[in-house]
>>> print(open('run06.cif').read())   # mmCIF, C-alpha atoms
data_coords
loop_
_atom_site.label_atom_id
_atom_site.label_comp_id
_atom_site.auth_asym_id
_atom_site.auth_seq_id
_atom_site.Cartn_x
_atom_site.Cartn_y
_atom_site.Cartn_z
CA THR X 115 29.22 -1.83 41.00
CA GLY X 116 26.53 -2.21 38.33
CA LYS X 117 27.74 -4.03 35.23
CA THR X 118 24.82 -4.82 32.94
CA GLU X 119 21.08 -4.36 33.12
CA GLY X 120 19.32 -6.95 35.25
CA ILE X 121 18.57 -8.12 38.80
CA THR X 122 20.89 -9.97 41.18
CA TYR X 123 21.55 -10.37 44.91
CA ILE X 124 24.55 -9.38 47.00
CA VAL X 125 25.13 -11.85 49.86
CA ALA X 126 27.19 -11.22 53.00
CA THR X 127 28.35 -14.31 54.96
CA THR X 128 30.05 -14.52 58.34
CA GLN X 129 33.28 -16.43 58.36
CA GLU X 130 32.27 -18.02 61.67
CA GLY X 131 28.88 -19.68 61.79
CA ASN X 132 28.16 -19.07 58.09
CA PHE X 133 25.33 -16.58 58.84
CA LYS X 134 23.99 -14.79 55.78
CA ASP X 135 22.03 -11.73 54.71
CA SER X 136 21.33 -10.43 51.20
CA CYS X 137 20.40 -7.33 49.25
CA LYS X 138 18.48 -7.32 45.98
CA VAL X 139 20.23 -5.19 43.35
CA THR X 140 18.52 -3.90 40.22
CA VAL X 141 20.82 -2.48 37.54
CA SER X 142 19.18 -0.33 34.87
CA ASN X 143 20.23 1.83 31.92
CA ASN X 144 19.54 5.37 33.06
CA VAL X 145 17.80 7.94 30.88
CA THR X 146 20.09 10.73 29.67
CA GLY X 147 17.78 12.87 27.56
CA ILE X 148 14.75 13.32 25.30
CA SER X 149 14.23 14.80 21.84
CA LEU X 150 11.08 15.66 19.87
CA ASN X 151 10.80 15.09 16.12
CA LYS X 152 9.57 18.70 15.67
CA HIS X 153 10.18 21.88 17.60
CA GLU X 154 7.67 24.12 15.83
CA ILE X 155 4.32 23.36 14.16
CA SER X 156 1.34 25.36 12.86
CA LEU X 157 -2.23 24.11 13.17
CA ALA X 158 -5.68 25.25 12.21
CA VAL X 159 -8.37 25.30 14.88
CA ASN X 160 -9.58 21.70 15.48
CA ALA X 161 -6.72 20.23 13.39
CA THR X 162 -4.40 17.63 14.92
CA GLU X 163 -0.79 16.58 14.55
CA MET X 164 1.26 13.92 16.32
CA LEU X 165 4.61 14.63 17.95
CA THR X 166 7.11 11.84 18.55
CA ALA X 167 9.50 11.76 21.51
CA THR X 168 12.75 9.79 21.47
CA VAL X 169 14.29 8.89 24.84
CA SER X 170 18.07 8.48 25.09
CA PRO X 171 19.87 6.14 25.21
CA SER X 172 18.01 3.79 22.87
CA ASN X 173 18.36 0.97 25.43
CA ALA X 174 17.13 3.02 28.39
CA THR X 175 15.15 0.90 30.83
CA ASN X 176 12.39 3.45 31.45
CA LYS X 177 11.19 5.20 28.28
CA ASN X 178 7.93 6.49 29.73
CA VAL X 179 7.08 10.08 28.78
CA THR X 180 4.42 12.50 29.98
CA TRP X 181 2.95 15.22 27.74
CA ALA X 182 1.62 18.62 28.75
CA SER X 183 0.45 21.87 27.16
CA ARG X 184 1.42 25.18 28.72
CA ASN X 185 -1.94 26.60 27.64
CA GLU X 186 -4.72 24.10 26.99
CA ASP X 187 -7.06 26.88 25.84
CA ILE X 188 -4.85 27.21 22.74
CA ALA X 189 -3.77 23.59 22.17
CA THR X 190 -4.11 20.28 24.00
CA VAL X 191 -2.00 17.12 23.84
CA ASN X 192 -2.95 13.55 24.75
CA ALA X 193 -0.88 10.70 26.16
CA ASP X 194 0.22 9.68 22.65
CA GLY X 195 1.60 13.11 21.74
CA VAL X 196 -1.37 14.08 19.51
CA VAL X 197 -1.73 17.87 19.55
CA THR X 198 -5.12 19.52 18.84
CA GLY X 199 -5.58 23.19 18.02
CA LYS X 200 -8.30 24.85 20.11
CA THR X 201 -8.20 28.62 19.65
CA GLU X 202 -5.87 31.07 17.93
CA GLY X 203 -2.65 31.74 19.77
CA ILE X 204 0.81 30.39 20.60
CA THR X 205 1.72 27.84 23.24
CA TYR X 206 4.24 25.09 23.89
CA ILE X 207 3.85 21.32 24.18
CA VAL X 208 6.32 19.79 26.64
CA ALA X 209 7.43 16.15 26.80
CA THR X 210 9.07 15.00 30.06
CA THR X 211 10.80 11.71 30.83
CA GLN X 212 9.41 9.84 33.81
CA GLU X 213 12.97 9.04 34.89
CA GLY X 214 15.26 12.02 35.37
CA GLY X 215 12.69 14.64 34.36
CA PHE X 216 14.41 15.52 31.08
CA LYS X 217 12.33 17.83 28.88
CA ASP X 218 11.93 18.94 25.28
CA SER X 219 9.29 21.25 23.85
CA CYS X 220 7.55 22.21 20.61
CA LYS X 221 6.17 25.67 19.80
CA VAL X 222 2.58 25.43 18.55
CA THR X 223 0.92 28.23 16.58
CA VAL X 224 -2.85 27.87 16.17
CA SER X 225 -4.44 30.11 13.56
CA ASN X 226 -7.59 30.29 11.48
CA ASN X 227 -5.34 31.37 8.60
CA VAL X 228 -3.71 27.93 8.49
CA ILE X 229 -5.35 25.75 5.83
CA ALA X 230 -6.07 22.37 7.37
CA ALA X 231 -5.86 19.07 5.53
CA THR X 232 -9.31 17.62 4.85
CA GLY X 233 -8.47 14.32 3.16
CA ILE X 234 -6.09 12.17 1.14
CA SER X 235 -6.44 10.18 -2.09
CA LEU X 236 -4.18 7.63 -3.78
CA ASP X 237 -3.78 7.52 -7.57
CA LYS X 238 -4.44 3.76 -7.48
CA HIS X 239 -6.53 1.59 -5.21
CA GLU X 240 -5.51 -1.81 -6.56
CA ILE X 241 -2.25 -3.00 -8.14
CA SER X 242 -0.67 -6.35 -9.05
CA LEU X 243 3.07 -7.01 -8.78
CA ALA X 244 5.46 -9.89 -9.21
CA VAL X 245 7.84 -10.85 -6.42
CA ASN X 246 10.72 -8.30 -6.28
CA ALA X 247 8.91 -5.93 -8.68
CA THR X 248 8.19 -2.32 -7.66
CA GLU X 249 5.55 0.30 -8.33
CA THR X 250 5.15 3.85 -7.03
CA LEU X 251 1.90 5.08 -5.49
CA ILE X 252 1.13 8.80 -5.45
CA ALA X 253 -0.83 10.38 -2.59
CA THR X 254 -2.64 13.72 -2.93
CA VAL X 255 -3.55 15.69 0.19
CA SER X 256 -6.65 17.88 0.02
CA PRO X 257 -7.04 20.78 -0.32
CA SER X 258 -4.18 21.59 -2.67
CA ASN X 259 -3.15 24.56 -0.48
CA ALA X 260 -3.16 22.64 2.82
CA ALA X 261 -0.36 23.86 5.06
CA ASN X 262 0.75 20.38 6.11
CA LYS X 263 0.93 17.85 3.28
CA ASN X 264 3.21 15.40 5.07
CA ILE X 265 2.13 11.76 4.95
CA THR X 266 3.31 8.42 6.27
CA TRP X 267 3.22 5.10 4.41
CA ALA X 268 2.69 1.66 5.90
CA SER X 269 2.05 -1.91 4.78
CA ARG X 270 -0.44 -4.05 6.67
CA ASN X 271 1.79 -7.05 5.97
CA GLY X 272 5.45 -6.29 5.30
CA GLY X 273 6.09 -9.94 4.57
CA ILE X 274 3.98 -9.68 1.40
CA ALA X 275 4.81 -6.13 0.28
CA THR X 276 6.78 -3.22 1.69
CA VAL X 277 6.51 0.50 1.03
CA ASN X 278 9.12 3.21 1.56
CA ALA X 279 8.78 6.89 2.46
CA ASP X 280 8.33 7.79 -1.22
CA GLY X 281 5.41 5.41 -1.76
CA VAL X 282 7.46 2.81 -3.66
CA VAL X 283 5.86 -0.60 -3.16
CA THR X 284 8.00 -3.75 -3.44
CA GLY X 285 6.60 -7.27 -3.76
CA LYS X 286 8.09 -9.74 -1.28
CA THR X 287 6.10 -12.97 -1.27
CA GLU X 288 2.93 -14.21 -2.93
CA GLY X 289 -0.24 -12.94 -1.27
CA ILE X 290 -2.54 -9.96 -0.78
CA THR X 291 -2.07 -6.96 1.51
CA TYR X 292 -2.87 -3.26 1.69
CA ILE X 293 -0.65 -0.18 1.55
CA VAL X 294 -1.99 2.69 3.67
CA ALA X 295 -1.14 6.39 3.34
CA THR X 296 -1.95 8.61 6.34
CA THR X 297 -1.84 12.39 6.59
CA GLN X 298 0.36 13.69 9.38
CA GLU X 299 -2.32 16.24 10.19
CA SER X 300 -5.64 14.82 11.41
CA GLY X 301 -4.76 11.24 10.35
CA PHE X 302 -6.83 10.91 7.17
CA LYS X 303 -6.21 7.61 5.39
CA ASP X 304 -6.47 5.99 1.96
CA SER X 305 -5.35 2.50 0.94
CA CYS X 306 -4.38 0.41 -2.06
CA LYS X 307 -4.93 -3.35 -2.38
CA VAL X 308 -1.71 -5.07 -3.48
CA THR X 309 -1.67 -8.56 -4.99
CA ILE X 310 1.74 -10.22 -5.26
CA SER X 311 2.22 -13.07 -7.75
CA PRO X 312 5.24 -15.35 -8.20
CA GLU X 313 8.01 -14.22 -10.52
CA THR X 314 7.32 -15.27 -14.10
CA SER X 315 9.85 -16.73 -16.51
CA ILE X 316 9.46 -13.71 -18.77
CA LEU X 317 11.40 -11.63 -16.24
CA VAL X 318 14.68 -13.45 -16.92
CA PRO X 319 16.13 -13.05 -20.42
CA LYS X 320 18.66 -15.58 -21.64
CA ALA X 321 22.31 -14.53 -21.46
CA SER X 322 22.80 -15.33 -25.14
CA GLU X 323 20.06 -12.97 -26.40
CA ALA X 324 20.94 -10.22 -28.87
CA LEU X 325 21.09 -6.57 -27.82
CA LEU X 326 17.97 -4.41 -28.04
CA ARG X 327 17.55 -0.71 -27.21
CA VAL X 328 14.29 0.65 -25.81
CA TYR X 329 14.10 4.36 -24.98
CA PRO X 330 13.39 6.80 -23.43
CA ASN X 331 13.37 4.99 -20.13
CA PRO X 332 11.51 6.05 -18.04
CA VAL X 333 8.73 6.87 -20.51
CA LYS X 334 7.14 10.22 -19.66
CA ASN X 335 4.88 11.17 -22.59
CA GLY X 336 3.76 7.71 -23.74
CA GLN X 337 6.06 7.61 -26.79
CA LEU X 338 8.54 4.72 -26.82
CA ILE X 339 11.17 3.85 -29.44
CA VAL X 340 12.14 0.21 -29.95
CA ASP X 341 15.49 0.11 -31.73
CA ASN X 342 16.28 -3.32 -33.16
CA GLY X 343 19.23 -1.99 -35.14
CA GLN X 344 21.58 -3.75 -32.73
CA LEU X 345 19.99 -7.12 -33.41
CA ASN X 346 21.83 -9.24 -35.93
CA SER X 347 20.62 -8.68 -39.49
CA GLN X 348 19.01 -12.11 -39.82
CA THR X 349 16.90 -11.62 -36.67
CA ALA X 350 15.90 -8.06 -37.63
CA SER X 351 14.94 -9.17 -41.14
CA SER X 352 12.81 -12.03 -39.86
CA LEU X 353 10.98 -9.78 -37.38
CA GLN X 354 10.22 -6.84 -39.69
CA GLY X 355 6.60 -6.78 -40.88
CA THR X 356 5.43 -9.61 -38.64
CA LYS X 357 2.28 -9.17 -36.59
CA GLN X 358 2.73 -8.11 -32.96
CA SER X 359 6.51 -8.50 -33.09
CA ILE X 360 6.81 -6.03 -30.18
CA GLU X 361 4.91 -7.22 -27.11
CA ILE X 362 4.32 -5.34 -23.86
CA PHE X 363 3.72 -7.32 -20.65
CA ASP X 364 2.96 -6.21 -17.13
CA LEU X 365 4.97 -7.69 -14.26
CA VAL X 366 2.57 -10.55 -13.65
CA GLY X 367 3.08 -11.72 -17.24
CA LYS X 368 -0.16 -10.37 -18.76
CA LEU X 369 0.09 -9.17 -22.38
CA VAL X 370 -1.08 -5.53 -22.43
CA GLY X 371 0.02 -4.43 -25.92
CA GLY X 372 1.31 -5.68 -29.25
CA PHE X 373 2.87 -3.80 -32.17
CA ALA X 374 4.32 -4.63 -35.60
CA ILE X 375 7.97 -3.79 -36.28
CA THR X 376 8.21 -1.18 -39.06
CA GLY X 377 11.98 -0.94 -39.38
CA GLU X 378 15.18 -0.76 -37.38
CA LYS X 379 13.49 1.85 -35.16
CA THR X 380 9.80 1.48 -34.38
CA GLU X 381 7.97 4.20 -32.46
CA ILE X 382 5.02 3.00 -30.41
CA ASN X 383 2.58 4.76 -28.11
CA ILE X 384 1.89 3.30 -24.65
CA GLY X 385 0.10 6.37 -23.34
CA HIS X 386 -2.99 4.26 -22.58
CA LEU X 387 -1.11 2.19 -19.99
CA PRO X 388 -1.18 3.26 -16.33
CA ARG X 389 2.00 4.27 -14.53
CA GLY X 390 4.20 1.35 -13.59
CA THR X 391 6.88 -1.08 -14.69
CA TYR X 392 6.51 -3.11 -17.91
CA LEU X 393 8.44 -5.60 -20.03
CA VAL X 394 9.10 -5.03 -23.73
CA LYS X 395 9.63 -8.33 -25.59
CA VAL X 396 11.01 -8.66 -29.14
CA GLY X 397 11.60 -12.25 -30.15
CA GLU X 398 13.34 -13.76 -27.14
CA THR X 399 14.78 -10.45 -25.95
CA VAL X 400 13.20 -8.67 -22.98
CA ARG X 401 13.78 -5.16 -21.67
CA LYS X 402 12.24 -3.60 -18.55
CA ILE X 403 10.81 -0.06 -18.77
CA VAL X 404 9.14 2.33 -16.37
CA LYS X 405 6.16 4.48 -17.44
CA ARG X 406 5.55 7.66 -15.49
#
>>> encode(input="run06.cif", output="structure tokens")
Amino acid sequence: TGKTEGITYIVATTQEGNFKDSCKVTVSNNVTGISLNKHEISLAVNATEMLTATVSPSNATNKNVTWASRNEDIATVNADGVVTGKTEGITYIVATTQEGGFKDSCKVTVSNNVIAATGISLDKHEISLAVNATETLIATVSPSNAANKNITWASRNGGIATVNADGVVTGKTEGITYIVATTQESGFKDSCKVTISPETSILVPKASEALLRVYPNPVKNGQLIVDNGQLNSQTASSLQGTKQSIEIFDLVGKLVGGFAITGEKTEINIGHLPRGTYLVKVGETVRKIVKR
């Protein structure tokens, strides 16, 4: 009886004379099924899209899969599951497990009326972050009316910075890496250089600091209100009218803006700053804001 995956030997021994013979036994986790990530796609002629097959169970010993098109005049598929539209029509791509012959298929419609993706562009190609800070990258697929605008995100070094499915980059350790966005159709790519710096002391306000309100947060139109009305009267009085009493820092500690306090509520404009996360500092009080 097989117990766990592996190789062993079964040995038979005579009671008299101690003669022996053996049989090699290989125990494997058998395949029970296969599933594709998509069961219907539309492609333009000459456009490509990758299908992904998942073999069950996840610990199956043999996860090899073969790919085939029922009509290669309409669409072809390679050994990696990349489908290419050839001529207008409808066909099916079939994935089959090497063990057990389990199958799953995807309907493929190839049409000249499908607008193919022709490129991708990121809103930023270089950013700087502190450790544990985040920033969102925005990817634009061209043309604007492309049928398939799906993209995937990846970091070339997840130990330095990670990126999630929404393009949110998070600094992990000091260093430099690149975040890459790839179109699902045809595999066009664009990248952003990411420099991660150590956390700076400005990121950690003291527990004894007075309250300060900064709103709206996130900032959408560039207008930001700094409300020092909740500071104690002595602090507010000493700050009012001083030069650059409101300071704006990026997450690597660089001063990117300074404003004078004009009263209990001071309205400032940070529309010139790029999208990202910033720190508003009044006296010794720090508040984090997000500009969109």
>>> resolve_selection(input="run06.cif", expression="the PyMOL selection byres ((chain X and resi 148) around 10)", output="list in words")
Val145, Thr146, Gly147, Ser149, Leu150, Ala167, Thr168, Val169, Ser170, Pro171, Lys177, Val179, Ala209, Thr210, Thr211, Gly215, Phe216, Lys217, Asp218 and Ser219 of chain X
>>> atom_distance(input="run06.cif", atom1="CA of Asp280 (chain X)", atom2="CA of Glu240 (chain X)")
17.7 Å
>>> resolve_selection(input="run06.cif", expression="the PyMOL selection byres ((chain X and resi 264) around 9)", output="PDB file with C-alpha atoms, keeping the file's coordinate frame")
ATOM      1  CA  VAL X 255      -3.550  15.690   0.190  1.00  0.00           C
ATOM      2  CA  ASN X 262       0.750  20.380   6.110  1.00  0.00           C
ATOM      3  CA  LYS X 263       0.930  17.850   3.280  1.00  0.00           C
ATOM      4  CA  ILE X 265       2.130  11.760   4.950  1.00  0.00           C
ATOM      5  CA  THR X 266       3.310   8.420   6.270  1.00  0.00           C
ATOM      6  CA  THR X 296      -1.950   8.610   6.340  1.00  0.00           C
ATOM      7  CA  THR X 297      -1.840  12.390   6.590  1.00  0.00           C
ATOM      8  CA  GLN X 298       0.360  13.690   9.380  1.00  0.00           C
ATOM      9  CA  GLU X 299      -2.320  16.240  10.190  1.00  0.00           C
TER      10      GLU X 299
END
>>> residues_near_point(input="run06.cif", point="(9.0, -8.3, -7.7)", cutoff="10 Å", atoms="only C-alpha atoms", output="list in words")
Ser242, Leu243, Ala244, Val245, Asn246, Ala247, Thr248, Glu249, Ala275, Val283, Thr284, Gly285, Lys286, Thr287, Glu288, Ile310, Ser311, Pro312, Glu313, Thr314, Leu317, Leu365 and Val366 of chain X
>>> atom_distance(input="run06.cif", atom1="CA of Ala174 (chain X)", atom2="CA of Asp194 (chain X)")
19.1 Å
>>> residues_near_point(input="run06.cif", point="(10.1, 25.6, 19.7)", cutoff="12 Å", atoms="only C-alpha atoms", output="PDB file with C-alpha atoms, in the coordinates of the input")
ATOM      1  CA  SER X 149      14.230  14.800  21.840  1.00  0.00           C
ATOM      2  CA  LEU X 150      11.080  15.660  19.870  1.00  0.00           C
ATOM      3  CA  ASN X 151      10.800  15.090  16.120  1.00  0.00           C
ATOM      4  CA  LYS X 152       9.570  18.700  15.670  1.00  0.00           C
ATOM      5  CA  HIS X 153      10.180  21.880  17.600  1.00  0.00           C
ATOM      6  CA  GLU X 154       7.670  24.120  15.830  1.00  0.00           C
ATOM      7  CA  ILE X 155       4.320  23.360  14.160  1.00  0.00           C
ATOM      8  CA  SER X 156       1.340  25.360  12.860  1.00  0.00           C
ATOM      9  CA  ILE X 204       0.810  30.390  20.600  1.00  0.00           C
ATOM     10  CA  THR X 205       1.720  27.840  23.240  1.00  0.00           C
ATOM     11  CA  TYR X 206       4.240  25.090  23.890  1.00  0.00           C
ATOM     12  CA  ILE X 207       3.850  21.320  24.180  1.00  0.00           C
ATOM     13  CA  VAL X 208       6.320  19.790  26.640  1.00  0.00           C
ATOM     14  CA  ASP X 218      11.930  18.940  25.280  1.00  0.00           C
ATOM     15  CA  SER X 219       9.290  21.250  23.850  1.00  0.00           C
ATOM     16  CA  CYS X 220       7.550  22.210  20.610  1.00  0.00           C
ATOM     17  CA  LYS X 221       6.170  25.670  19.800  1.00  0.00           C
ATOM     18  CA  VAL X 222       2.580  25.430  18.550  1.00  0.00           C
ATOM     19  CA  THR X 223       0.920  28.230  16.580  1.00  0.00           C
TER      20      THR X 223
END
>>> resolve_selection(input="run06.cif", expression="the PyMOL selection byres ((chain X and resi 120) around 7)", output="PyMOL selection string")
chain X and resi 118-119+121-122+140-142
>>> closest_residue(input="run06.cif", among="X:Ile360, X:Ile252, X:Leu369, X:Val294", to="Ile382 (chain X)", atoms="only C-alpha atoms")
X:Ile360
>>> closest_residue(input="run06.cif", among="X:Thr201, X:Asn383, X:Thr399, X:Asn331", to="Ser359 (chain X)", atoms="only C-alpha atoms")
X:Thr399
>>> closest_residue(input="run06.cif", among="X:Lys368, X:Lys307, X:Lys334, X:Arg327", to="Leu251 (chain X)", atoms="all atoms listed in the file")
X:Lys307
>>> atom_distance(input="run06.cif", atom1="CA of Leu326 (chain X)", atom2="CA of Arg389 (chain X)")
22.6 Å
>>> closest_residue(input="run06.cif", among="X:Thr391, X:Thr309, X:Asn342, X:Ser258", to="Thr376 (chain X)", atoms="only C-alpha atoms")
X:Asn342
>>> closest_residue(input="run06.cif", among="X:Ala161, X:Val125, X:Val394, X:Ile339", to="Thr380 (chain X)", atoms="only C-alpha atoms")
X:Ile339
>>> residues_around(input="run06.cif", residues="Asn226 (chain X)", least_positions_apart="3", cutoff="9 Å", atoms="all atoms listed in the file", output="list in words")
Leu157, Ala158, Val159, Thr201, Glu202 and Ile229 of chain X
